[in-house]
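Asker: This one is query_12.pdb, PDB, C-alpha atoms.
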ATOM      1  CA  MET A   6     126.676 104.858  52.673
ATOM      2  CA  ASP A   7     125.268 102.427  50.121
ATOM      3  CA  ASP A   8     124.598 103.190  46.478
ATOM      4  CA  ARG A   9     120.863 103.786  46.997
ATOM      5  CA  ASP A  10     121.572 106.402  49.667
ATOM      6  CA  ALA A  11     124.119 108.102  47.433
ATOM      7  CA  GLN A  12     121.625 108.190  44.534
ATOM      8  CA  ALA A  13     118.931 109.551  46.856
ATOM      9  CA  ARG A  14     121.254 112.356  47.965
ATOM     10  CA  ILE A  15     121.987 113.311  44.368
ATOM     11  CA  ASP A  16     118.220 113.375  43.688
ATOM     12  CA  ALA A  17     117.640 115.535  46.758
ATOM     13  CA  VAL A  18     120.218 118.101  45.574
ATOM     14  CA  LEU A  19     118.693 118.183  42.087
ATOM     15  CA  VAL A  20     115.166 118.580  43.487
ATOM     16  CA  GLU A  21     116.325 121.438  45.701
ATOM     17  CA  ARG A  22     117.902 123.211  42.733
ATOM     18  CA  ALA A  23     114.832 122.637  40.555
ATOM     19  CA  VAL A  24     112.500 124.034  43.234
ATOM     20  CA  ARG A  25     114.606 126.875  44.624
ATOM     21  CA  ASP A  26     115.896 128.236  41.312
ATOM     22  CA  SER A  27     113.114 126.892  39.036
ATOM     23  CA  ASP A  28     116.040 125.184  37.342
ATOM     24  CA  ALA A  29     114.651 123.207  34.408
ATOM     25  CA  ARG A  30     118.133 121.817  33.704
ATOM     26  CA  ALA A  31     118.195 120.154  37.145
ATOM     27  CA  PHE A  32     114.761 118.673  36.482
ATOM     28  CA  GLU A  33     115.918 117.442  33.077
ATOM     29  CA  ILE A  34     118.709 115.500  34.810
ATOM     30  CA  LEU A  35     116.108 113.996  37.162
ATOM     31  CA  VAL A  36     113.949 112.932  34.210
ATOM     32  CA  ARG A  37     116.960 111.418  32.448
ATOM     33  CA  ARG A  38     117.980 109.538  35.594
ATOM     34  CA  HIS A  39     114.553 108.050  36.287
ATOM     35  CA  GLN A  40     112.615 107.838  33.026
ATOM     36  CA  GLY A  41     113.850 104.326  32.281
ATOM     37  CA  MET A  42     112.503 102.770  35.458
ATOM     38  CA  VAL A  43     109.256 104.772  35.483
ATOM     39  CA  ARG A  44     108.542 103.683  31.903
ATOM     40  CA  ALA A  45     109.450 100.083  32.761
ATOM     41  CA  GLN A  46     107.133 100.250  35.794
ATOM     42  CA  LEU A  47     104.247 101.510  33.663
ATOM     43  CA  ARG A  48     104.929  99.014  30.868
ATOM     44  CA  ARG A  49     104.727  96.222  33.403
ATOM     45  CA  LEU A  50     101.504  97.602  34.885
ATOM     46  CA  LEU A  51      99.983  98.046  31.428
ATOM     47  CA  GLY A  52     101.071  94.647  30.113
ATOM     48  CA  ASP A  53     103.752  96.032  27.775
ATOM     49  CA  ASN A  54     101.518  98.619  26.100
ATOM     50  CA  GLY A  55     104.573 100.754  25.387
ATOM     51  CA  ALA A  56     102.862 103.725  23.750
ATOM     52  CA  MET A  57     100.337 104.188  26.549
ATOM     53  CA  ALA A  58     103.031 103.586  29.168
ATOM     54  CA  ASP A  59     105.104 106.382  27.629
ATOM     55  CA  ASP A  60     102.105 108.727  27.588
ATOM     56  CA  LEU A  61     101.489 108.028  31.267
ATOM     57  CA  ALA A  62     105.213 108.393  32.030
ATOM     58  CA  GLN A  63     105.154 111.813  30.356
ATOM     59  CA  GLU A  64     102.098 112.756  32.426
ATOM     60  CA  THR A  65     103.951 111.522  35.533
ATOM     61  CA  PHE A  66     106.924 113.816  34.936
ATOM     62  CA  VAL A  67     104.741 116.813  34.097
ATOM     63  CA  LEU A  68     102.855 116.250  37.375
ATOM     64  CA  ALA A  69     106.145 115.802  39.224
ATOM     65  CA  TRP A  70     107.372 119.127  37.828
ATOM     66  CA  ARG A  71     104.196 120.868  38.977
ATOM     67  CA  LYS A  72     104.228 119.269  42.424
ATOM     68  CA  LEU A  73     107.966 119.310  43.005
ATOM     69  CA  GLY A  74     107.593 121.941  45.720
ATOM     70  CA  GLN A  75     105.456 119.463  47.668
ATOM     71  CA  PHE A  76     108.244 116.879  47.793
ATOM     72  CA  ARG A  77     109.435 117.029  51.394
ATOM     73  CA  GLY A  78     112.146 114.408  51.199
ATOM     74  CA  GLU A  79     110.329 112.124  53.655
ATOM     75  CA  SER A  80     110.779 109.302  51.159
ATOM     76  CA  ARG A  81     113.270 108.791  48.344
ATOM     77  CA  PHE A  82     112.552 110.771  45.189
ATOM     78  CA  THR A  83     112.124 107.513  43.245
ATOM     79  CA  THR A  84     109.435 106.320  45.666
ATOM     80  CA  TRP A  85     107.618 109.641  45.296
ATOM     81  CA  LEU A  86     107.879 109.359  41.508
ATOM     82  CA  TYR A  87     106.631 105.751  41.466
ATOM     83  CA  ARG A  88     103.682 106.869  43.552
ATOM     84  CA  ILE A  89     102.729 109.567  41.043
ATOM     85  CA  ALA A  90     103.147 107.075  38.185
ATOM     86  CA  HIS A  91     101.018 104.476  39.952
ATOM     87  CA  SER A  92      98.322 107.043  40.586
ATOM     88  CA  CYS A  93      98.369 108.044  36.870
ATOM     89  CA  PHE A  94      98.062 104.356  35.971
ATOM     90  CA  GLN A  95      95.120 103.893  38.356
ATOM     91  CA  GLN A  96      93.332 106.901  36.881
ATOM     92  CA  TYR A  97      93.799 105.543  33.381
ATOM     93  CA  TRP A  98      92.802 102.051  34.492
ATOM     94  CA  ARG A  99      89.555 103.304  36.031
ATOM     95  CA  SER A 100      88.691 105.481  33.060
ATOM     96  CA  ARG A 101      89.290 102.837  30.400
ATOM     97  CA  GLY A 102      88.070  99.668  32.112
ATOM     98  CA  TRP A 103      91.510  98.280  31.350
ATOM     99  CA  ARG A 104      90.992  95.167  33.421
ATOM    100  CA  VAL A 105      88.046  94.045  31.318
ATOM    101  CA  GLN A 106      90.159  94.246  28.179
ATOM    102  CA  GLN A 107      93.042  92.443  29.840
ATOM    103  CA  GLU A 108      90.838  89.594  31.031
ATOM    104  CA  SER A 109      89.196  89.109  27.663
ATOM    105  CA  GLU A 110      92.649  88.841  26.066
ATOM    106  CA  LEU A 111      93.665  86.271  28.663
ATOM    107  CA  GLU A 112      90.619  84.108  28.024
ATOM    108  CA  GLY A 113      92.005  83.217  24.624
ATOM    109  CA  ASP A 114      95.600  82.398  25.425
ATOM    110  CA  GLY A 115      95.778  81.540  29.129
ATOM    111  CA  ALA A 116      96.552  77.824  29.306
ATOM    112  CA  GLU A 117      98.197  77.731  25.897
ATOM    113  CA  ALA A 118     100.592  80.526  26.839
ATOM    114  CA  LEU A 119     101.425  78.889  30.136
ATOM    115  CA  GLY A 120     102.015  75.482  28.592
ATOM    116  CA  LEU A 121     104.028  76.821  25.657
ATOM    117  CA  ALA A 122     106.190  78.965  27.851
ATOM    118  CA  LEU A 123     107.006  76.165  30.226
ATOM    119  CA  ALA A 124     108.074  74.070  27.269
ATOM    120  CA  ASP A 125     110.590  76.808  26.434
ATOM    121  CA  PRO A 126     111.676  78.671  29.566
ATOM    122  CA  GLY A 127     114.024  80.833  27.506
ATOM    123  CA  LEU A 128     110.993  82.713  26.172
ATOM    124  CA  GLY A 129     110.269  84.151  29.597
ATOM    125  CA  LEU A 130     106.531  83.979  28.931
ATOM    126  CA  ASP A 131     105.760  81.507  31.695
ATOM    127  CA  ILE A 132     106.278  83.906  34.566
ATOM    128  CA  ASP A 133     104.559  86.779  32.702
ATOM    129  CA  ALA A 134     101.509  84.673  31.936
ATOM    130  CA  ALA A 135     101.415  83.415  35.513
ATOM    131  CA  LEU A 136     101.721  86.986  36.819
ATOM    132  CA  ARG A 137      98.686  88.014  34.803
ATOM    133  CA  ARG A 138      96.651  85.376  36.647
ATOM    134  CA  LEU A 139      97.234  87.186  39.955
ATOM    135  CA  SER A 140      94.971  89.875  41.345
ATOM    136  CA  ASP A 141      95.861  93.487  40.519
ATOM    137  CA  ASN A 142      97.065  94.120  44.059
ATOM    138  CA  GLN A 143      99.227  91.003  44.089
ATOM    139  CA  GLN A 144     100.783  91.927  40.729
ATOM    140  CA  ALA A 145     101.481  95.466  41.899
ATOM    141  CA  ALA A 146     102.911  94.337  45.269
ATOM    142  CA  LEU A 147     105.290  91.905  43.531
ATOM    143  CA  LEU A 148     106.288  94.540  40.987
ATOM    144  CA  TYR A 149     107.284  97.051  43.652
ATOM    145  CA  CYS A 150     108.651  94.728  46.338
ATOM    146  CA  VAL A 151     110.520  92.242  44.162
ATOM    147  CA  GLN A 152     111.051  93.573  40.662
ATOM    148  CA  LEU A 153     111.673  97.219  41.541
ATOM    149  CA  GLU A 154     113.245  96.202  44.859
ATOM    150  CA  LEU A 155     111.427  98.712  47.060
ATOM    151  CA  SER A 156     111.055  97.970  50.757
ATOM    152  CA  HIS A 157     107.607  96.938  51.967
ATOM    153  CA  GLU A 158     107.253 100.385  53.577
ATOM    154  CA  GLU A 159     108.079 102.149  50.311
ATOM    155  CA  ALA A 160     105.678  99.903  48.378
ATOM    156  CA  ALA A 161     102.953 100.716  50.904
ATOM    157  CA  LEU A 162     103.555 104.398  50.208
ATOM    158  CA  VAL A 163     103.437 103.929  46.428
ATOM    159  CA  LEU A 164     100.314 101.765  46.551
ATOM    160  CA  ASP A 165      98.708 103.922  49.241
ATOM    161  CA  MET A 166      97.777 100.881  51.321
ATOM    162  CA  PRO A 167      98.626  99.660  54.828
ATOM    163  CA  LEU A 168     101.952  97.898  55.309
ATOM    164  CA  GLY A 169     100.226  94.708  56.452
ATOM    165  CA  SER A 170      98.169  94.555  53.245
ATOM    166  CA  VAL A 171     101.305  94.884  51.111
ATOM    167  CA  LYS A 172     102.974  92.017  52.988
ATOM    168  CA  THR A 173      99.848  89.900  52.582
ATOM    169  CA  HIS A 174      99.621  90.606  48.837
ATOM    170  CA  VAL A 175     103.302  89.721  48.383
ATOM    171  CA  ALA A 176     102.978  86.461  50.337
ATOM    172  CA  ARG A 177      99.741  85.393  48.636
ATOM    173  CA  GLY A 178     101.013  86.448  45.221
ATOM    174  CA  LYS A 179     104.143  84.352  45.624
ATOM    175  CA  ALA A 180     102.165  81.351  46.863
ATOM    176  CA  ARG A 181      99.817  81.572  43.882
ATOM    177  CA  LEU A 182     102.731  82.028  41.467
ATOM    178  CA  ARG A 183     104.380  78.882  42.825
ATOM    179  CA  GLN A 184     101.171  76.942  42.204
ATOM    180  CA  LEU A 185     100.784  78.352  38.707
ATOM    181  CA  LEU A 186     104.384  77.787  37.693
ATOM    182  CA  GLN A 187     104.456  74.223  38.947
ATOM    183  CA  ASP A 188     101.105  73.078  37.656
ATOM    184  CA  PRO A 189      99.902  75.703  35.190
ATOM    185  CA  VAL A 190      97.375  73.743  33.152
ATOM    186  CA  THR A 191      95.644  72.172  36.126
ATOM    187  CA  GLN A 192      95.564  75.536  37.869
ATOM    188  CA  HIS A 193      94.131  77.213  34.809
ATOM    189  CA  GLU A 194      91.448  74.561  34.408
ATOM    190  CA  ARG A 195      90.614  74.775  38.104
ATOM    191  CA  SER A 196      90.291  78.551  37.972
ATOM    192  CA  ASN A 197      88.133  78.270  34.850
ATOM    193  CA  ARG A 198      85.850  75.843  36.644
ATOM    194  CA  ASN A 199      85.659  78.253  39.604
ATOM    195  CA  ASP A 200      84.895  81.147  37.250
TER
ATOM    196  CA  MET B   2     108.144  68.397  41.684
ATOM    197  CA  THR B   3     110.162  70.393  44.277
ATOM    198  CA  GLU B   4     108.656  73.667  45.387
ATOM    199  CA  LEU B   5     110.262  76.883  44.166
ATOM    200  CA  SER B   6     112.197  78.514  47.008
ATOM    201  CA  ASP B   7     111.592  82.173  47.830
ATOM    202  CA  PRO B   8     114.965  83.383  46.461
ATOM    203  CA  SER B   9     114.470  81.346  43.269
ATOM    204  CA  LEU B  10     111.052  82.854  42.731
ATOM    205  CA  ASP B  11     112.428  86.351  43.396
ATOM    206  CA  ASN B  12     115.196  85.712  40.878
ATOM    207  CA  LEU B  13     112.699  84.482  38.318
ATOM    208  CA  LEU B  14     110.575  87.584  38.822
ATOM    209  CA  ARG B  15     113.572  89.924  38.561
ATOM    210  CA  ARG B  16     114.805  88.198  35.425
ATOM    211  CA  SER B  17     111.374  88.527  33.826
ATOM    212  CA  PHE B  18     111.384  92.288  34.451
ATOM    213  CA  ALA B  19     112.752  94.022  31.390
ATOM    214  CA  GLY B  20     114.481  96.743  33.447
ATOM    215  CA  ALA B  21     115.038 100.376  32.557
ATOM    216  CA  VAL B  22     113.815 101.492  29.144
ATOM    217  CA  ALA B  23     116.304 103.324  26.905
ATOM    218  CA  ASP B  24     115.683 107.077  26.700
ATOM    219  CA  GLU B  25     115.467 107.444  22.889
ATOM    220  CA  GLY B  26     114.359 111.067  22.998
ATOM    221  CA  PHE B  27     111.843 110.653  25.823
ATOM    222  CA  THR B  28     113.521 113.219  28.092
ATOM    223  CA  GLU B  29     113.509 115.845  25.317
ATOM    224  CA  ARG B  30     109.813 115.210  24.690
ATOM    225  CA  VAL B  31     109.039 115.658  28.387
ATOM    226  CA  MET B  32     111.091 118.845  28.662
ATOM    227  CA  HIS B  33     109.300 120.174  25.590
ATOM    228  CA  VAL B  34     105.831 119.836  27.162
ATOM    229  CA  LEU B  35     106.682 121.037  30.689
ATOM    230  CA  PRO B  36     104.557 124.026  31.667
ATOM    231  CA  ALA B  37     106.514 127.173  32.489
ATOM    232  CA  ARG B  38     106.997 127.572  36.201
ATOM    233  CA  ARG B  39     105.446 130.737  37.577
ATOM    234  CA  GLN B  40     108.030 133.252  38.701
ATOM    235  CA  ARG B  41     105.657 134.618  41.361
ATOM    236  CA  PRO B  42     103.789 131.612  42.753
ATOM    237  CA  TRP B  43     101.867 133.766  45.233
ATOM    238  CA  LEU B  44     100.278 135.776  42.410
ATOM    239  CA  LEU B  45      97.314 133.501  41.619
ATOM    240  CA  PRO B  46      96.204 132.728  45.219
ATOM    241  CA  GLY B  47      96.844 136.382  46.117
ATOM    242  CA  ALA B  48      94.682 137.586  43.230
ATOM    243  CA  ALA B  49      91.923 135.109  44.143
ATOM    244  CA  LEU B  50      91.971 136.321  47.753
ATOM    245  CA  ALA B  51      91.944 139.991  46.734
ATOM    246  CA  GLY B  52      89.134 139.299  44.246
ATOM    247  CA  GLY B  53      87.095 137.571  46.953
ATOM    248  CA  LEU B  54      87.588 140.473  49.360
ATOM    249  CA  LEU B  55      86.655 143.028  46.681
ATOM    250  CA  ALA B  56      83.516 141.068  45.843
ATOM    251  CA  TRP B  57      82.507 141.089  49.514
ATOM    252  CA  LEU B  58      83.234 144.829  49.833
ATOM    253  CA  ALA B  59      81.263 145.513  46.653
ATOM    254  CA  LEU B  60      78.319 143.644  48.114
ATOM    255  CA  LEU B  61      78.201 145.678  51.330
ATOM    256  CA  PRO B  62      76.308 148.717  49.934
ATOM    257  CA  ALA B  63      73.924 146.514  47.906
ATOM    258  CA  PRO B  64      70.308 146.728  49.201
ATOM    259  CA  PRO B  65      69.754 142.998  49.802
ATOM    260  CA  TRP B  66      73.019 142.722  51.701
ATOM    261  CA  ARG B  67      72.215 145.876  53.756
ATOM    262  CA  GLN B  68      68.842 144.380  54.537
ATOM    263  CA  ILE B  69      70.412 141.152  55.713
ATOM    264  CA  VAL B  70      72.878 143.021  57.945
ATOM    265  CA  GLN B  71      70.127 145.212  59.360
ATOM    266  CA  GLU B  72      67.950 142.173  60.076
ATOM    267  CA  TRP B  73      70.834 140.480  61.809
ATOM    268  CA  LEU B  74      71.596 143.565  63.880
ATOM    269  CA  ALA B  75      67.941 143.743  64.836
ATOM    270  CA  GLY B  76      68.055 140.126  65.944
ATOM    271  CA  GLY B  77      66.157 138.768  62.925
ATOM    272  CA  PHE B  78      67.823 135.595  61.742
ATOM    273  CA  ASP B  79      66.085 133.887  58.838
ATOM    274  CA  MET B  80      67.362 130.868  56.892
ATOM    275  CA  ALA B  81      67.241 132.669  53.506
ATOM    276  CA  SER B  82      69.834 135.251  54.562
ATOM    277  CA  VAL B  83      71.995 132.581  56.169
ATOM    278  CA  GLY B  84      71.751 130.624  52.900
ATOM    279  CA  VAL B  85      72.865 133.634  50.852
ATOM    280  CA  CYS B  86      75.868 134.156  53.137
ATOM    281  CA  VAL B  87      76.832 130.503  53.054
ATOM    282  CA  LEU B  88      76.559 130.520  49.265
ATOM    283  CA  LEU B  89      78.753 133.617  48.929
ATOM    284  CA  LEU B  90      81.287 132.243  51.367
ATOM    285  CA  GLY B  91      81.286 128.915  49.544
ATOM    286  CA  VAL B  92      81.945 130.564  46.179
ATOM    287  CA  SER B  93      84.792 132.610  47.673
ATOM    288  CA  LEU B  94      86.367 129.548  49.265
ATOM    289  CA  LEU B  95      85.939 127.612  46.039
ATOM    290  CA  GLY B  96      87.793 130.349  44.151
ATOM    291  CA  CYS B  97      90.647 130.358  46.671
ATOM    292  CA  GLY B  98      90.779 126.563  46.732
ATOM    293  CA  TRP B  99      90.902 126.389  42.962
ATOM    294  CA  ALA B 100      93.694 128.959  42.857
ATOM    295  CA  LEU B 101      95.707 127.011  45.431
ATOM    296  CA  ALA B 102      95.109 123.724  43.622
ATOM    297  CA  GLU B 103      96.412 125.304  40.434
ATOM    298  CA  GLU B 104      99.713 125.993  42.186
TER
END
Go ahead and render the structure in this file as structure tokens.

Answerer:
Amino acid sequence: MDDRDAQARIDAVLVERAVRDSDARAFEILVRRHQGMVRAQLRRLLGDNGAMADDLAQETFVLAWRKLGQFRGESRFTTWLYRIAHSCFQQYWRSRGWRVQQESELEGDGAEALGLALADPGLGLDIDAALRRLSDNQQAALLYCVQLELSHEEAALVLDMPLGSVKTHVARGKARLRQLLQDPVTQHERSNRND
Amino acid sequence: MTELSDPSLDNLLRRSFAGAVADEGFTERVMHVLPARRQRPWLLPGAALAGGLLAWLALLPAPPWRQIVQEWLAGGFDMASVGVCVLLLGVSLLGCGWALAEE
């Protein structure tokens, strides 16, 4: 049994205790075990807006507590939790027109950020700036499939999209990232001309 | 320039991901705002169902309802009475649905 399976079994026992005995202590252990990754997931989705990410993470766990009885164990608890968090993010995103704000911020620092970051790879800004140039679906697919190391099937569940679409978003996202990382300024200028 | 290989790109992406965020009191804050779990989860849907049934029973002796039933028994079937029934049924179902969604 690998480590992920062992962790999933521990989660399953804790969920059972939390549901059967309304055991808040068991749920507290679940929150403690998973809050770090859920908050990191939301920070990545929100472009490091830590305060809002934490608000949404709190909402995620409150929803998870209310819906815990609906968790059937068909997926890992983490996948189920990521799905709730992603759905909270989408609700927020729709209500606030987050994308508009994000794009207007990018207008100002796109090529400069890419160029500066490539000059100093230690900053880690190059890949982040390049990621922001991808479509929402591509960013999300790469987050779940590569950064959070979910399987394509699990990512499809979290994103509520067909498996084939997830694979396509991952492949296209990676292809676009390669282009952006290898020739960022030209790519930025080209995309500006296309815009 | 050589093209980034798939594993190199994956590594780059993983390295750029900050990873788990330190707790720093987050768990306590979540536990503080958790709603109390109902000890009898059947209570709310049960009450909604009983309320719906009572409302229907209370309607039975009411003159308009009696008239509708009598018309139906006599074979009269007009759209207004069907509309009233559909409306009442809809409200009852809405109440039950809301109660279940609250659970």

Asker: Counting only C-alpha atoms, which residues of chain B sit at most 7 Å from some atom of chain A, and what is each one's closest atom pair with its distance in Å to one decimal, listed by chain and rising residue number, as CSV?

Answerer:
residue,atom,partner,partner_atom,distance
B:Leu5,CA,A:Arg183,CA,6.4
B:Asp11,CA,A:Val151,CA,6.2
B:Leu14,CA,A:Gln152,CA,6.3
B:Arg15,CA,A:Gln152,CA,4.9
B:Ser17,CA,A:Gly129,CA,6.2
B:Phe18,CA,A:Gln152,CA,6.4
B:Gly20,CA,A:Ala45,CA,6.1
B:Ala21,CA,A:Gly41,CA,4.1
B:Val22,CA,A:Gly41,CA,4.2
B:Ala23,CA,A:Gly41,CA,6.0
B:Asp24,CA,A:Gly41,CA,6.5
B:Thr28,CA,A:Arg37,CA,5.8
B:Val31,CA,A:Gln63,CA,5.8
B:Met32,CA,A:Glu33,CA,6.7
B:Leu35,CA,A:Val67,CA,5.8
B:Arg38,CA,A:Ser27,CA,6.8

Asker: Which residues fall under the PyMOL selection byres ((chain A and resi 142) around 10) in this file, as a list in words?

Answerer: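 This file gives the following for the PyMOL selection byres ((chain A and resi 142) around 10): Leu139, Ser140, Asp141, Gln143, Gln144, Ala145, Ala146, Leu147, Leu148, Leu164, Met166, Ser170, Val171, Thr173, His174, Val175 and Gly178 of chain A.
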
Asker: Since I can't run it myself right now, could you work out what the PyMOL selection byres ((chain B and resi 93) around 9) selects here and report it as number ranges by chain?

Answerer: B: 49-50, 52-54, 56-57, 88-92, 94-98

Asker: Mind dumping the selected residues with C-alpha atoms as a PDB file, in the coordinates of the input?

Answerer:
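Listed below is the output, part05.pdb:
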ATOM      1  CA  ALA B  49      91.923 135.109  44.143  1.00  0.00           C
ATOM      2  CA  LEU B  50      91.971 136.321  47.753  1.00  0.00           C
ATOM      3  CA  GLY B  52      89.134 139.299  44.246  1.00  0.00           C
ATOM      4  CA  GLY B  53      87.095 137.571  46.953  1.00  0.00           C
ATOM      5  CA  LEU B  54      87.588 140.473  49.360  1.00  0.00           C
ATOM      6  CA  ALA B  56      83.516 141.068  45.843  1.00  0.00           C
ATOM      7  CA  TRP B  57      82.507 141.089  49.514  1.00  0.00           C
ATOM      8  CA  LEU B  88      76.559 130.520  49.265  1.00  0.00           C
ATOM      9  CA  LEU B  89      78.753 133.617  48.929  1.00  0.00           C
ATOM     10  CA  LEU B  90      81.287 132.243  51.367  1.00  0.00           C
ATOM     11  CA  GLY B  91      81.286 128.915  49.544  1.00  0.00           C
ATOM     12  CA  VAL B  92      81.945 130.564  46.179  1.00  0.00           C
ATOM     13  CA  LEU B  94      86.367 129.548  49.265  1.00  0.00           C
ATOM     14  CA  LEU B  95      85.939 127.612  46.039  1.00  0.00           C
ATOM     15  CA  GLY B  96      87.793 130.349  44.151  1.00  0.00           C
ATOM     16  CA  CYS B  97      90.647 130.358  46.671  1.00  0.00           C
ATOM     17  CA  GLY B  98      90.779 126.563  46.732  1.00  0.00           C
TER      18      GLY B  98
END

Asker: Have a look at atom CA of Thr84 of chain A and atom CA of Glu159 of chain A and let me know their distance in Å, one decimal.

Answerer: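 One can read the atom CA of Thr84 of chain A to atom CA of Glu159 of chain A distance as 6.4 Å.
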
Asker: Expressed in Å to a single decimal, how great is the separation between atom CA of Phe76 of chain A and atom CA of His157 of chain A?

Answerer: 20.4 Å

Asker: Which distance in Å separates atom CA of Arg81 of chain A and atom CA of Asp16 of chain A, to one decimal?

Answerer: 8.2 Å

Asker: Go through A:Ala56, A:Ala31, A:Phe94, A:Arg177 one by one, measure the shortest atom-to-atom distance of each to Leu73 of chain A using all atoms listed in the file, and give the residue with the smallest value.

Answerer: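 Among the listed residues, the smallest separation from Leu73 of chain A belongs to A:Ala31.
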